[in-house]
>>> print(open('target-v8.json').read())   # JSON, C-alpha atoms
[["chain", "number", "residue", "atom", "x", "y", "z"],
["A", 1, "MET", "CA", -4.56, -25.86, -5.66],
["A", 2, "ALA", "CA", -5.00, -25.62, -1.90],
["A", 3, "SER", "CA", -1.22, -25.42, -1.62],
["A", 4, "GLU", "CA", -1.17, -21.91, -3.07],
["A", 5, "ALA", "CA", -3.76, -20.76, -0.50],
["A", 6, "ALA", "CA", -1.55, -22.28, 2.21],
["A", 7, "LEU", "CA", 1.41, -20.37, 0.79],
["A", 8, "TYR", "CA", -0.54, -17.09, 1.04],
["A", 9, "ALA", "CA", -1.38, -17.93, 4.65],
["A", 10, "ARG", "CA", 2.31, -18.53, 5.42],
["A", 11, "VAL", "CA", 3.33, -15.24, 3.77],
["A", 12, "TYR", "CA", 0.60, -13.49, 5.78],
["A", 13, "GLY", "CA", 1.96, -15.08, 8.97],
["A", 14, "VAL", "CA", 5.47, -13.82, 8.22],
["A", 15, "LEU", "CA", 4.09, -10.33, 7.46],
["A", 16, "MET", "CA", 2.39, -10.21, 10.86],
["A", 17, "LEU", "CA", 5.58, -11.39, 12.59],
["A", 18, "LEU", "CA", 7.52, -8.65, 10.82],
["A", 19, "LEU", "CA", 4.94, -6.10, 11.99],
["A", 20, "LEU", "CA", 5.45, -7.34, 15.56],
["A", 21, "ALA", "CA", 9.22, -7.15, 15.07],
["A", 22, "THR", "CA", 9.14, -3.56, 13.82],
["A", 23, "VAL", "CA", 6.91, -2.40, 16.71],
["A", 24, "LEU", "CA", 9.11, -4.15, 19.28],
["A", 25, "ALA", "CA", 12.33, -2.89, 17.68],
["A", 26, "ALA", "CA", 10.98, 0.67, 17.94],
["A", 27, "GLN", "CA", 10.74, 0.30, 21.75],
["A", 28, "VAL", "CA", 14.41, -0.72, 22.05],
["A", 29, "GLU", "CA", 17.20, 1.84, 22.07],
["A", 30, "LEU", "CA", 19.11, 1.00, 18.89],
["A", 31, "GLY", "CA", 20.89, 4.31, 18.39],
["A", 32, "PRO", "CA", 22.06, 4.80, 14.81],
["A", 33, "LEU", "CA", 20.52, 1.45, 13.79],
["A", 34, "HIS", "CA", 17.01, 2.66, 14.59],
["A", 35, "VAL", "CA", 16.16, 3.97, 11.11],
["A", 36, "PRO", "CA", 17.89, 1.22, 9.07],
["A", 37, "VAL", "CA", 16.17, -1.54, 11.12],
["A", 38, "ALA", "CA", 12.69, 0.00, 10.70],
["A", 39, "LEU", "CA", 13.17, 0.61, 6.97],
["A", 40, "GLY", "CA", 14.81, -2.80, 6.49],
["A", 41, "ILE", "CA", 11.80, -4.57, 8.01],
["A", 42, "ALA", "CA", 9.44, -2.43, 5.92],
["A", 43, "THR", "CA", 11.40, -3.35, 2.79],
["A", 44, "ALA", "CA", 11.23, -7.05, 3.69],
["A", 45, "LYS", "CA", 7.45, -6.76, 4.06],
["A", 46, "ALA", "CA", 7.22, -4.90, 0.74],
["A", 47, "VAL", "CA", 9.26, -7.57, -1.06],
["A", 48, "LEU", "CA", 6.95, -10.32, 0.29],
["A", 49, "VAL", "CA", 3.85, -8.44, -0.86],
["A", 50, "LEU", "CA", 5.37, -7.72, -4.29],
["A", 51, "ALA", "CA", 6.66, -11.25, -4.86],
["A", 52, "TYR", "CA", 3.73, -13.32, -3.54],
["A", 53, "PHE", "CA", 0.56, -11.25, -3.30],
["A", 54, "MET", "CA", 1.33, -9.23, -6.44],
["A", 55, "HIS", "CA", 2.58, -12.35, -8.26],
["A", 56, "LEU", "CA", 5.87, -10.85, -9.40],
["A", 57, "ARG", "CA", 7.68, -14.12, -8.71],
["A", 58, "ARG", "CA", 5.78, -15.81, -11.53],
["A", 59, "GLN", "CA", 5.87, -12.93, -14.04],
["A", 60, "GLY", "CA", 8.08, -12.59, -17.10],
["A", 61, "THR", "CA", 10.91, -10.11, -17.69],
["A", 62, "LEU", "CA", 8.67, -7.50, -19.33],
["A", 63, "VAL", "CA", 6.32, -7.20, -16.33],
["A", 64, "LEU", "CA", 9.29, -7.18, -13.94],
["A", 65, "LEU", "CA", 10.82, -4.35, -15.97],
["A", 66, "PHE", "CA", 7.60, -2.32, -15.75],
["A", 67, "ALA", "CA", 7.33, -3.02, -12.02],
["A", 68, "ALA", "CA", 10.94, -2.00, -11.42],
["A", 69, "SER", "CA", 10.65, 1.22, -13.44],
["A", 70, "GLY", "CA", 8.67, 3.08, -10.77],
["A", 71, "PHE", "CA", 11.18, 2.19, -8.05],
["A", 72, "PHE", "CA", 14.09, 3.00, -10.36],
["A", 73, "TRP", "CA", 12.84, 6.52, -11.08],
["A", 74, "LEU", "CA", 12.01, 7.00, -7.41],
["A", 75, "ALA", "CA", 15.62, 6.08, -6.57],
["A", 76, "VAL", "CA", 16.81, 8.70, -9.09],
["A", 77, "LEU", "CA", 14.46, 11.30, -7.59],
["A", 78, "VAL", "CA", 15.59, 10.59, -4.02],
["A", 79, "ALA", "CA", 19.30, 10.33, -4.86],
["A", 80, "LEU", "CA", 19.49, 13.57, -6.84],
["A", 81, "THR", "CA", 17.36, 15.50, -4.33],
["A", 82, "LEU", "CA", 19.38, 14.32, -1.34],
["A", 83, "ALA", "CA", 22.64, 14.89, -3.22],
["A", 84, "ASP", "CA", 21.71, 18.56, -3.00],
["A", 85, "TYR", "CA", 20.21, 18.77, 0.51],
["A", 86, "LEU", "CA", 22.76, 16.56, 2.28],
["A", 87, "THR", "CA", 25.73, 18.48, 0.89],
["A", 88, "ARG", "CA", 24.50, 21.98, 1.76],
["A", 89, "ALA", "CA", 26.36, 23.81, 4.49],
["A", 90, "ALA", "CA", 24.36, 24.06, 7.72],
["A", 91, "ALA", "CA", 22.32, 27.25, 7.98],
["A", 92, "PRO", "CA", 24.10, 29.86, 10.12],
["B", 1, "MET", "CA", -2.81, -19.79, -30.30],
["B", 2, "SER", "CA", -5.29, -19.66, -33.16],
["B", 3, "GLU", "CA", -8.74, -18.30, -32.50],
["B", 4, "ALA", "CA", -10.32, -21.62, -33.38],
["B", 5, "SER", "CA", -8.72, -23.27, -30.35],
["B", 6, "LEU", "CA", -10.34, -20.87, -27.86],
["B", 7, "SER", "CA", -13.31, -21.84, -25.72],
["B", 8, "THR", "CA", -16.56, -19.93, -26.18],
["B", 9, "SER", "CA", -16.14, -18.01, -22.94],
["B", 10, "GLU", "CA", -12.57, -17.10, -23.87],
["B", 11, "ARG", "CA", -13.64, -15.79, -27.26],
["B", 12, "ALA", "CA", -16.46, -13.75, -25.69],
["B", 13, "GLN", "CA", -13.96, -11.76, -23.57],
["B", 14, "LEU", "CA", -11.29, -11.31, -26.25],
["B", 15, "ALA", "CA", -11.04, -7.77, -27.63],
["B", 16, "PRO", "CA", -10.41, -7.66, -31.42],
["B", 17, "GLN", "CA", -6.91, -6.12, -31.12],
["B", 18, "PHE", "CA", -5.50, -9.16, -29.27],
["B", 19, "ASP", "CA", -4.43, -12.51, -30.69],
["B", 20, "ASP", "CA", -5.29, -14.56, -27.62],
["B", 21, "PRO", "CA", -6.37, -14.18, -23.96],
["B", 22, "HIS", "CA", -2.78, -14.46, -22.74],
["B", 23, "GLN", "CA", -1.73, -11.41, -24.78],
["B", 24, "GLN", "CA", -4.80, -9.49, -23.61],
["B", 25, "ARG", "CA", -3.97, -10.24, -19.99],
["B", 26, "LEU", "CA", -0.32, -9.31, -20.39],
["B", 27, "ALA", "CA", -1.38, -5.94, -21.85],
["B", 28, "ALA", "CA", -3.64, -5.28, -18.87],
["B", 29, "THR", "CA", -0.91, -6.31, -16.41],
["B", 30, "LEU", "CA", 1.68, -4.06, -18.06],
["B", 31, "GLY", "CA", -0.75, -1.15, -18.09],
["B", 32, "MET", "CA", -1.50, -1.67, -14.41],
["B", 33, "TRP", "CA", 2.18, -1.74, -13.47],
["B", 34, "ALA", "CA", 2.79, 1.42, -15.53],
["B", 35, "PHE", "CA", 0.01, 3.08, -13.50],
["B", 36, "LEU", "CA", 1.48, 1.77, -10.26],
["B", 37, "ALA", "CA", 4.88, 3.21, -11.28],
["B", 38, "THR", "CA", 3.27, 6.67, -11.40],
["B", 39, "GLU", "CA", 1.78, 5.96, -7.97],
["B", 40, "VAL", "CA", 5.21, 5.00, -6.60],
["B", 41, "LEU", "CA", 6.50, 8.40, -7.72],
["B", 42, "PHE", "CA", 3.39, 10.20, -6.46],
["B", 43, "PHE", "CA", 3.86, 8.90, -2.91],
["B", 44, "GLY", "CA", 7.66, 8.79, -3.26],
["B", 45, "ALA", "CA", 7.85, 12.57, -3.76],
["B", 46, "MET", "CA", 6.04, 13.08, -0.43],
["B", 47, "PHE", "CA", 8.35, 10.63, 1.35],
["B", 48, "THR", "CA", 11.33, 12.55, -0.07],
["B", 49, "SER", "CA", 9.92, 15.83, 1.21],
["B", 50, "PHE", "CA", 9.40, 14.20, 4.61],
["B", 51, "VAL", "CA", 13.03, 13.03, 4.75],
["B", 52, "ILE", "CA", 14.31, 16.54, 3.95],
["B", 53, "TYR", "CA", 12.15, 18.30, 6.56],
["B", 54, "ARG", "CA", 12.79, 15.61, 9.17],
["B", 55, "ARG", "CA", 16.46, 16.49, 8.85],
["B", 56, "SER", "CA", 16.11, 20.29, 9.04],
["B", 57, "GLU", "CA", 13.26, 20.36, 11.62],
["B", 58, "HIS", "CA", 14.36, 17.40, 13.68],
["B", 59, "GLU", "CA", 12.98, 18.59, 17.05],
["B", 60, "GLY", "CA", 9.53, 19.32, 15.68],
["B", 61, "PHE", "CA", 9.41, 16.02, 13.81],
["B", 62, "GLU", "CA", 10.47, 14.13, 16.95],
["B", 63, "LEU", "CA", 7.64, 15.85, 18.81],
["B", 64, "GLY", "CA", 5.26, 15.11, 15.96],
["B", 65, "ARG", "CA", 6.06, 11.42, 16.12],
["B", 66, "GLU", "CA", 5.26, 11.48, 19.84],
["B", 67, "GLN", "CA", 1.74, 12.71, 18.96],
["B", 68, "MET", "CA", 1.07, 9.53, 16.98],
["B", 69, "HIS", "CA", -1.14, 6.81, 18.41],
["B", 70, "VAL", "CA", 1.19, 3.81, 17.95],
["B", 71, "LEU", "CA", -1.39, 1.22, 19.09],
["B", 72, "LEU", "CA", -4.04, 2.40, 16.61],
["B", 73, "GLY", "CA", -1.37, 2.61, 13.90],
["B", 74, "THR", "CA", -0.26, -0.95, 14.63],
["B", 75, "ILE", "CA", -3.84, -2.24, 14.58],
["B", 76, "ASN", "CA", -4.42, -0.47, 11.26],
["B", 77, "THR", "CA", -1.26, -1.99, 9.79],
["B", 78, "ALA", "CA", -2.48, -5.44, 10.86],
["B", 79, "VAL", "CA", -5.90, -4.70, 9.33],
["B", 80, "LEU", "CA", -4.36, -3.70, 5.98],
["B", 81, "LEU", "CA", -1.97, -6.68, 5.92],
["B", 82, "THR", "CA", -4.92, -8.97, 6.61],
["B", 83, "SER", "CA", -6.95, -7.32, 3.86],
["B", 84, "SER", "CA", -4.06, -7.91, 1.47],
["B", 85, "TYR", "CA", -4.19, -11.60, 2.38],
["B", 86, "THR", "CA", -7.97, -11.78, 1.84],
["B", 87, "MET", "CA", -7.55, -9.98, -1.51],
["B", 88, "ALA", "CA", -4.92, -12.52, -2.58],
["B", 89, "ARG", "CA", -7.40, -15.25, -1.65],
["B", 90, "ALA", "CA", -10.10, -13.46, -3.69],
["B", 91, "VAL", "CA", -7.89, -13.46, -6.80],
["B", 92, "HIS", "CA", -7.05, -17.11, -6.13],
["B", 93, "ALA", "CA", -10.77, -17.97, -5.90],
["B", 94, "ALA", "CA", -11.50, -16.14, -9.18],
["B", 95, "GLU", "CA", -8.65, -18.04, -10.81],
["B", 96, "HIS", "CA", -10.46, -21.26, -9.89],
["B", 97, "SER", "CA", -13.98, -20.14, -10.89],
["B", 98, "ASP", "CA", -15.10, -20.27, -7.25],
["B", 99, "THR", "CA", -17.58, -17.39, -7.32],
["B", 100, "ALA", "CA", -18.98, -17.94, -3.83],
["B", 101, "SER", "CA", -15.51, -17.79, -2.26],
["B", 102, "LEU", "CA", -14.56, -14.87, -4.47],
["B", 103, "ARG", "CA", -17.49, -12.83, -3.19],
["B", 104, "ARG", "CA", -16.82, -13.82, 0.42],
["B", 105, "TRP", "CA", -13.13, -12.79, 0.23],
["B", 106, "LEU", "CA", -14.03, -9.54, -1.57],
["B", 107, "LEU", "CA", -16.53, -8.71, 1.16],
["B", 108, "TRP", "CA", -13.94, -9.41, 3.87],
["B", 109, "THR", "CA", -11.43, -7.19, 2.11],
["B", 110, "ALA", "CA", -13.91, -4.31, 1.76],
["B", 111, "LEU", "CA", -15.02, -4.61, 5.40],
["B", 112, "GLN", "CA", -11.41, -4.40, 6.57],
["B", 113, "ALA", "CA", -10.83, -1.40, 4.32],
["B", 114, "ALA", "CA", -13.82, 0.28, 5.96],
["B", 115, "GLY", "CA", -12.48, -0.67, 9.38],
["B", 116, "PHE", "CA", -9.16, 0.93, 8.49],
["B", 117, "LEU", "CA", -10.93, 4.19, 7.62],
["B", 118, "VAL", "CA", -12.91, 4.13, 10.88],
["B", 119, "ILE", "CA", -9.72, 3.71, 12.95],
["B", 120, "LYS", "CA", -7.99, 6.41, 10.90],
["B", 121, "SER", "CA", -10.83, 8.85, 11.51],
["B", 122, "ILE", "CA", -10.61, 8.17, 15.28],
["B", 123, "GLU", "CA", -6.95, 9.21, 15.07],
["B", 124, "TYR", "CA", -7.79, 12.27, 12.96],
["B", 125, "THR", "CA", -10.46, 13.38, 15.43],
["B", 126, "GLU", "CA", -7.95, 13.12, 18.28],
["B", 127, "HIS", "CA", -5.35, 15.17, 16.38],
["B", 128, "VAL", "CA", -7.86, 17.87, 15.43],
["B", 129, "GLN", "CA", -9.10, 18.09, 19.04],
["B", 130, "HIS", "CA", -5.50, 18.61, 20.13],
["B", 131, "GLY", "CA", -5.22, 21.54, 17.72],
["B", 132, "LEU", "CA", -2.77, 19.68, 15.49],
["B", 133, "LEU", "CA", -4.52, 20.35, 12.18],
["B", 134, "PRO", "CA", -2.13, 22.65, 10.26],
["B", 135, "GLY", "CA", -3.45, 26.07, 9.34],
["B", 136, "ARG", "CA", -4.90, 29.06, 11.15],
["B", 137, "GLY", "CA", -6.40, 26.95, 13.95],
["B", 138, "PHE", "CA", -3.11, 25.19, 14.72],
["B", 139, "HIS", "CA", -2.39, 25.50, 18.44],
["B", 140, "ALA", "CA", -0.04, 23.04, 20.08],
["B", 141, "HIS", "CA", -0.38, 22.65, 23.83],
["B", 142, "ALA", "CA", 1.95, 24.38, 26.26],
["B", 143, "GLY", "CA", 5.51, 23.19, 25.93],
["B", 144, "HIS", "CA", 4.67, 21.78, 22.50],
["B", 145, "GLU", "CA", 5.41, 24.88, 20.42],
["B", 146, "ARG", "CA", 8.46, 23.42, 18.76],
["B", 147, "PRO", "CA", 9.19, 24.74, 15.23],
["B", 148, "GLY", "CA", 8.59, 22.04, 12.67],
["B", 149, "LEU", "CA", 5.69, 20.38, 14.50],
["B", 150, "GLN", "CA", 3.21, 21.96, 12.12],
["B", 151, "MET", "CA", 5.33, 20.83, 9.16],
["B", 152, "PHE", "CA", 5.28, 17.27, 10.51],
["B", 153, "MET", "CA", 1.50, 17.37, 10.90],
["B", 154, "PHE", "CA", 1.18, 18.80, 7.39],
["B", 155, "HIS", "CA", 3.10, 15.83, 6.00],
["B", 156, "TYR", "CA", 1.13, 13.45, 8.22],
["B", 157, "PHE", "CA", -2.27, 14.67, 7.09],
["B", 158, "THR", "CA", -1.28, 14.91, 3.42],
["B", 159, "MET", "CA", 0.33, 11.47, 3.21],
["B", 160, "THR", "CA", -2.20, 9.55, 5.28],
["B", 161, "GLY", "CA", -5.06, 11.56, 3.76],
["B", 162, "LEU", "CA", -4.07, 10.70, 0.19],
["B", 163, "HIS", "CA", -3.53, 7.11, 1.28],
["B", 164, "ALA", "CA", -7.00, 7.05, 2.89],
["B", 165, "LEU", "CA", -8.41, 8.41, -0.38],
["B", 166, "HIS", "CA", -6.84, 5.41, -2.13],
["B", 167, "VAL", "CA", -8.44, 3.10, 0.45],
["B", 168, "ALA", "CA", -11.84, 4.74, -0.13],
["B", 169, "ILE", "CA", -11.48, 4.35, -3.91],
["B", 170, "GLY", "CA", -10.48, 0.74, -3.26],
["B", 171, "ILE", "CA", -13.74, 0.12, -1.38],
["B", 172, "GLY", "CA", -15.67, 1.39, -4.40],
["B", 173, "LEU", "CA", -13.68, -0.86, -6.73],
["B", 174, "LEU", "CA", -14.19, -3.88, -4.45],
["B", 175, "ALA", "CA", -17.93, -3.16, -4.33],
["B", 176, "GLY", "CA", -17.97, -3.10, -8.14],
["B", 177, "LEU", "CA", -16.16, -6.45, -8.28],
["B", 178, "TYR", "CA", -18.58, -7.90, -5.71],
["B", 179, "PHE", "CA", -21.51, -6.83, -7.86],
["B", 180, "LEU", "CA", -20.01, -8.17, -11.10],
["B", 181, "ALA", "CA", -18.97, -11.44, -9.44],
["B", 182, "GLY", "CA", -22.59, -11.85, -8.32],
["B", 183, "ARG", "CA", -23.60, -11.70, -11.98],
["B", 184, "GLY", "CA", -21.14, -14.49, -12.73],
["B", 185, "ARG", "CA", -18.75, -12.36, -14.74],
["B", 186, "PHE", "CA", -15.52, -13.93, -13.49],
["B", 187, "HIS", "CA", -14.23, -17.46, -14.07],
["B", 188, "ARG", "CA", -10.92, -19.19, -14.79],
["B", 189, "ASP", "CA", -10.87, -17.92, -18.41],
["B", 190, "TYR", "CA", -11.51, -14.31, -17.50],
["B", 191, "TYR", "CA", -10.85, -12.60, -14.17],
["B", 192, "THR", "CA", -8.53, -9.76, -15.24],
["B", 193, "PRO", "CA", -10.48, -7.03, -13.34],
["B", 194, "VAL", "CA", -10.15, -9.00, -10.08],
["B", 195, "ASP", "CA", -6.44, -9.49, -10.76],
["B", 196, "MET", "CA", -5.84, -5.78, -11.58],
["B", 197, "ILE", "CA", -7.81, -4.41, -8.63],
["B", 198, "GLY", "CA", -5.91, -6.94, -6.53],
["B", 199, "LEU", "CA", -2.66, -5.30, -7.68],
["B", 200, "TYR", "CA", -4.10, -1.89, -6.81],
["B", 201, "TRP", "CA", -5.15, -3.08, -3.37],
["B", 202, "HIS", "CA", -1.76, -4.64, -2.59],
["B", 203, "PHE", "CA", -0.13, -1.38, -3.67],
["B", 204, "VAL", "CA", -2.27, 0.56, -1.19],
["B", 205, "ASP", "CA", -1.04, -1.90, 1.45],
["B", 206, "LEU", "CA", 2.53, -1.38, 0.25],
["B", 207, "VAL", "CA", 2.31, 2.40, 0.75],
["B", 208, "TRP", "CA", 1.05, 1.90, 4.30],
["B", 209, "ILE", "CA", 3.86, -0.59, 5.04],
["B", 210, "PHE", "CA", 6.23, 2.38, 4.64],
["B", 211, "LEU", "CA", 3.96, 5.11, 6.04],
["B", 212, "PHE", "CA", 3.56, 3.27, 9.35],
["B", 213, "PRO", "CA", 7.24, 3.08, 10.44],
["B", 214, "VAL", "CA", 8.12, 6.47, 8.90],
["B", 215, "LEU", "CA", 5.33, 8.41, 10.66],
["B", 216, "TYR", "CA", 4.75, 6.38, 13.83],
["B", 217, "LEU", "CA", 8.06, 4.77, 14.74],
["B", 218, "LEU", "CA", 11.06, 6.77, 13.47]]
>>> encode(input="target-v8.json", output="structure tokens")
Amino acid sequence: MASEAALYARVYGVLMLLLLATVLAAQVELGPLHVPVALGIATAKAVLVLAYFMHLRRQGTLVLLFAASGFFWLAVLVALTLADYLTRAAAP
Amino acid sequence: MSEASLSTSERAQLAPQFDDPHQQRLAATLGMWAFLATEVLFFGAMFTSFVIYRRSEHEGFELGREQMHVLLGTINTAVLLTSSYTMARAVHAAEHSDTASLRRWLLWTALQAAGFLVIKSIEYTEHVQHGLLPGRGFHAHAGHERPGLQMFMFHYFTMTGLHALHVAIGIGLLAGLYFLAGRGRFHRDYYTPVDMIGLYWHFVDLVWIFLFPVLYLL
């Protein structure tokens, strides 16, 4: 079962590379891409941790459903809140 | 699976309401993910608040980000990512009844968690010395009195503070596992507590994966 330990090491290596990428990308002037790039890299890291370290890739539908529920309700919370704030007229 | 087909150690850990160890483990895993869903919303609400204020107080939030110590934040991110790796190895060791490795990986994880808190407190000390702790004593240096800076620091201290609280609780949980592992409580037939605290620890890492770019880089 040493192969699974090696897999964790590879995932860890990719996570560290992504950390390096996000720090370097923050030093570059990316304009409007600045926020999406940083959040995109963070999401990629999160997916790796969820899939490999948290074992979601080998779980059944029921566990995946439970895991997704938190993010689903968070998406509802963010979407409905921003639907209000982003559509308000600017304060005079 | 009928109860007769279980090994002695499996039967010893099986609570009466479950048919077999697999069902017992699934119940624990589902319960843990339900708890983590509440944690996602708990931290998610603060991220949402941050997004709203970052938009309306953009100048102050820009200035706030400039107060962050990016090097220390990067080191701390690396420390937490590494601790997530060592925790994954701890669960893996428990899965294979390797108690000595399990304890070693747990110890590594806890030490890194402690290191994270030490680095975080260095940052906190710096911020407090610069008068950036929100409240009556808040006094930004000359040229730094931008509206919204205090709101940024309020979010910073609340979000990283609650995250640090989770790290501190994690150290306690890891210490408990270390103690129980020393008494030979975990082996391939039963290591659910290691697995569940592993999920908790990876979640704490997950929160920081988003806190770091949001507070230090954007």
>>> interface_residues(input="target-v8.json", of="chain B", to="chain A", cutoff="8 Å", atoms="only C-alpha atoms", output="MDAnalysis selection string")
chainID B and resid 29:30 33:34 36:41 44:45 48 52 74 77:78 81:82 84:85 88:89 92 198:199 202 206 209:210 213:214 217:218
>>> residues_near_point(input="target-v8.json", point="(6.7, 18.7, 16.2)", cutoff="6 Å", atoms="all atoms listed in the file", output="PDB file with C-alpha atoms, keeping the file's coordinate frame")
ATOM      1  CA  GLY B  60       9.530  19.320  15.680  1.00  0.00           C
ATOM      2  CA  PHE B  61       9.410  16.020  13.810  1.00  0.00           C
ATOM      3  CA  GLU B  62      10.470  14.130  16.950  1.00  0.00           C
ATOM      4  CA  LEU B  63       7.640  15.850  18.810  1.00  0.00           C
ATOM      5  CA  GLY B  64       5.260  15.110  15.960  1.00  0.00           C
ATOM      6  CA  ARG B 146       8.460  23.420  18.760  1.00  0.00           C
ATOM      7  CA  GLY B 148       8.590  22.040  12.670  1.00  0.00           C
ATOM      8  CA  LEU B 149       5.690  20.380  14.500  1.00  0.00           C
TER       9      LEU B 149
END
>>> residues_around(input="target-v8.json", residues="Val194 in chain B", least_positions_apart="2", cutoff="8 Å", atoms="all atoms listed in the file", output="PyMOL selection string")
chain B and resi 90-91+94+177+191-192+196-198
>>> closest_residue(input="target-v8.json", among="B:Arg103, B:Asp195, B:Ile171, B:Ser56", to="Ala89 in chain A", atoms="only C-alpha atoms")
B:Ser56
>>> atom_distance(input="target-v8.json", atom1="CA of Ala51 in chain A", atom2="CA of Leu173 in chain B")
22.9 Å
>>> closest_residue(input="target-v8.json", among="B:Thr109, B:Ser101, B:Thr86, B:Asn76", to="Ile122 in chain B", atoms="all atoms listed in the file")
B:Asn76
>>> axis_aligned_box(input="target-v8.json", around="range 56-64 of chain A", padding_each_side="3 Å", output="lines of an AutoDock Vina configuration file")
center_x = 8.3
center_y = -11.5
center_z = -14.0
size_x = 11.1
size_y = 14.6
size_z = 16.6
>>> closest_residue(input="target-v8.json", among="B:Leu72, B:Ala28, B:Leu6, B:Ala113", to="His166 in chain B", atoms="all atoms listed in the file")
B:Ala113
>>> atom_distance(input="target-v8.json", atom1="CA of Phe212 in chain B", atom2="CA of Lys120 in chain B")
12.1 Å
>>> atom_distance(input="target-v8.json", atom1="CA of Arg188 in chain B", atom2="CA of His96 in chain B")
5.3 Å
>>> closest_residue(input="target-v8.json", among="B:Leu111, B:Ala12, B:Ile119, B:Met151", to="His69 in chain B", atoms="all atoms listed in the file")
B:Ile119
>>> closest_residue(input="target-v8.json", among="B:Gly172, B:Gly182, B:Pro193, B:Pro147", to="Tyr53 in chain B", atoms="all atoms listed in the file")
B:Pro147
>>> build_atoms(input="target-v8.json", residues="range 52-57 of chain A", atoms="all heavy atoms", output="mmCIF file, in the frame of the given file")
data_model
loop_
_atom_site.group_PDB
_atom_site.id
_atom_site.type_symbol
_atom_site.label_atom_id
_atom_site.label_comp_id
_atom_site.auth_asym_id
_atom_site.auth_seq_id
_atom_site.Cartn_x
_atom_site.Cartn_y
_atom_site.Cartn_z
ATOM 1 N N TYR A 52 4.786 -12.305 -3.681
ATOM 2 C CA TYR A 52 3.730 -13.320 -3.540
ATOM 3 C C TYR A 52 2.345 -12.781 -3.839
ATOM 4 O O TYR A 52 1.676 -13.276 -4.735
ATOM 5 C CB TYR A 52 3.788 -13.939 -2.137
ATOM 6 C CG TYR A 52 5.032 -14.777 -1.958
ATOM 7 C CD1 TYR A 52 6.184 -14.234 -1.386
ATOM 8 C CD2 TYR A 52 5.074 -16.093 -2.402
ATOM 9 C CE1 TYR A 52 7.327 -14.988 -1.249
ATOM 10 C CE2 TYR A 52 6.223 -16.854 -2.274
ATOM 11 C CZ TYR A 52 7.344 -16.302 -1.687
ATOM 12 O OH TYR A 52 8.483 -17.044 -1.563
ATOM 13 N N PHE A 53 1.917 -11.740 -3.101
ATOM 14 C CA PHE A 53 0.560 -11.250 -3.300
ATOM 15 C C PHE A 53 0.393 -10.592 -4.677
ATOM 16 O O PHE A 53 -0.658 -10.690 -5.293
ATOM 17 C CB PHE A 53 0.169 -10.258 -2.199
ATOM 18 C CG PHE A 53 -0.039 -10.912 -0.858
ATOM 19 C CD1 PHE A 53 -0.196 -10.135 0.282
ATOM 20 C CD2 PHE A 53 -0.086 -12.291 -0.725
ATOM 21 C CE1 PHE A 53 -0.403 -10.723 1.519
ATOM 22 C CE2 PHE A 53 -0.287 -12.893 0.515
ATOM 23 C CZ PHE A 53 -0.441 -12.100 1.643
ATOM 24 N N MET A 54 1.428 -9.909 -5.143
ATOM 25 C CA MET A 54 1.330 -9.230 -6.440
ATOM 26 C C MET A 54 1.890 -10.090 -7.569
ATOM 27 O O MET A 54 2.051 -9.620 -8.690
ATOM 28 C CB MET A 54 1.998 -7.850 -6.376
ATOM 29 C CG MET A 54 1.326 -6.913 -5.375
ATOM 30 S SD MET A 54 2.157 -5.332 -5.150
ATOM 31 C CE MET A 54 1.282 -4.326 -6.358
ATOM 32 N N HIS A 55 2.213 -11.330 -7.266
ATOM 33 C CA HIS A 55 2.580 -12.350 -8.260
ATOM 34 C C HIS A 55 3.848 -12.066 -9.054
ATOM 35 O O HIS A 55 4.048 -12.644 -10.121
ATOM 36 C CB HIS A 55 1.440 -12.576 -9.267
ATOM 37 C CG HIS A 55 0.148 -12.938 -8.627
ATOM 38 N ND1 HIS A 55 0.039 -13.951 -7.693
ATOM 39 C CD2 HIS A 55 -1.101 -12.413 -8.756
ATOM 40 C CE1 HIS A 55 -1.224 -14.043 -7.296
ATOM 41 N NE2 HIS A 55 -1.938 -13.115 -7.901
ATOM 42 N N LEU A 56 4.703 -11.168 -8.578
ATOM 43 C CA LEU A 56 5.870 -10.850 -9.400
ATOM 44 C C LEU A 56 6.805 -12.048 -9.564
ATOM 45 O O LEU A 56 7.534 -12.134 -10.536
ATOM 46 C CB LEU A 56 6.652 -9.658 -8.804
ATOM 47 C CG LEU A 56 6.074 -8.286 -9.126
ATOM 48 C CD1 LEU A 56 6.977 -7.187 -8.598
ATOM 49 C CD2 LEU A 56 5.859 -8.094 -10.626
ATOM 50 N N ARG A 57 6.762 -12.993 -8.606
ATOM 51 C CA ARG A 57 7.680 -14.120 -8.710
ATOM 52 C C ARG A 57 7.334 -15.038 -9.877
ATOM 53 O O ARG A 57 8.150 -15.828 -10.313
ATOM 54 C CB ARG A 57 7.732 -14.894 -7.387
ATOM 55 C CG ARG A 57 6.613 -15.857 -7.192
ATOM 56 C CD ARG A 57 6.390 -16.257 -5.773
ATOM 57 N NE ARG A 57 5.072 -16.818 -5.654
ATOM 58 C CZ ARG A 57 4.803 -18.128 -5.760
ATOM 59 N NH1 ARG A 57 5.768 -18.988 -5.927
ATOM 60 N NH2 ARG A 57 3.574 -18.558 -5.698
#
